[in-house]
Amino acid sequence: MSNCAIVGINWGDEGKGRMVDLLTKDFDVVVRYQGGGNAGHTVINEFGKFALHLLPSGIFTKGVVNILGNGVALDCENLWTEIEGVVAQGVSITPENLKISDRASLLLPWHRDLDGLEEARLKDKKFGSTRQGIAPFYSDKFQKKTVLAGELLYPEHLKAHLTDLLEWKNLTLTKVYGAPAVTIDELMAWVENYGEKIKPFICDTGKFLRDAQKEGKSVLFEAQLGSLRDLDYGIHPYTTSSNPIAAYAPVGSGLPSVKIDEVVGVVKAYSTCVGEGPFTCEWFGEEAEKLREAGGEYGAKTGRPRRVGPIDIVATRYGVECQGATNIALTKMDVLSYMDKIPVCTKYIVNGEETDDFPFPCLLDSAKPVIEYMDGWGCDISGARKWEDLPEAARNYVTYIEKQIGCRIGYVSVGPERDSIVIR
Ligand code: GDP
């Protein structure tokens, strides 16, 4: 296969990790190109069950090189904890199969502190941050007030740079939030501890990728979250602080000129959303509880109950367009098996008028869903491996969604395990 991106079409948690895990065997390199340790990509394979936060989901596949690109928020403390956890389950992680871009910026302890301080200041207007420091990190990156991972290789330069940044950051910590100042000794102790651990993995991954391209190797780009959380195209301001869309993959991975041949968009067979922000199809009460339980919809990173509802055609079509998806993986079809009738949000009503178009963010609060129902299939489909194994009603659901969102559904996932999938 040639170059491919695996991306989320909706609000995240669509099952991207299981798709990367499934498809990695066809690629030489897997790159995470944006976001940080706030992701929770669940992978179930021969090594066990994992919730990957920063490590690319190709880390389990022998011979595959995994890269953390320049676009990620590199939290070396959490990355190291994650590496230790995965290694403890029998997976080999060495500088041969994991490479960290020397141009990735370091997420520092003060980013996490500031995330918590700002959410506390916002009180009931909070954004529902995972408090991993992602928003303060990307704000600093755009102000050019971060240090690059490669600077860990130049200790004297690093200390001078951190001292300058600290002087500036302490103004915000102490004067804006009334928090204690950080000392350079505390900061250096943290950097020397965790920085030292990840140092062997740091290299010029841009050059590595360019060489890999020249040798005809294929690259899989792995995103975090989904279109509707994209900083520029999502439900602003309830987005993440980076760009999960496939168009950002070349920039955030270190191969700015790469052509991506296939974009696999991952869509859940129903809707879920973690955190704050408008969620037009949201269910409450008993029916929400039933769906949440059936789908095990609790955050992989935070354990928070996910908000749930029927599939949202309006948001999904928009998500497909933002991603430029060429193929769709529809996941968690098996979860809908308990329903007699399958609800589908086909349109929105905004300001009293029906619309197929995803509204401007501030209009979303007043948008109402138009719900139609399709026949359920009334049996367990988790054993299906071929298109013909699916009952007619399930096939009808897939082809209906496909038509509505304007993109072929090439994969229908019927369980979390690697082989629980129908490939059309
Ligand atoms: P990601 O962040 O997009 O990788 O998604 P998450 O890992 O947060 O959430 C997806 C969840 O659904 C995980 O617990 C997966 O193991 C699980 N999952 C993925 N595909 C399927 C499926 O087809 N059926 C079922 N029952 N679970 C699935």
# chains A, B, ... in the order shown; residues from 1 in each chain; ligands from 1
>>> select_by_dssp(residues="segment 41-103 of chain A", states="helix (DSSP H, G or I)", output="number ranges by chain")
A: 57-60, 76-88
>>> residues_around(residues="Val335 of chain A", least_positions_apart="4", cutoff="12 Å", atoms="only C-alpha atoms", output="PyMOL selection string")
chain A and resi 268-271+290-297+310+330-331+339+342+376-382+394+413-416
>>> closest_residue(among="A:Asn10, A:Asn38, A:Leu68, A:Asn45", to="Arg112 of chain A", atoms="only C-alpha atoms")
A:Asn38
>>> residues_near_ligand(ligand="ligand 1", cutoff="6 Å", atoms="only C-alpha atoms and all ligand atoms", output="PyMOL selection string")
chain A and resi 12-18+40-43+300+331-335+413-416
>>> select_by_dssp(residues="segment 89-268 of chain A", states="strand (DSSP E or B)", output="ChimeraX atom specification")
/A:98-101,105-106,148,202-203,219-226,262-268
>>> closest_residue(among="A:Ile313, A:Gly90, A:Trp168, A:Gln34", to="Ala247 of chain A", atoms="only C-alpha atoms")
A:Gln34
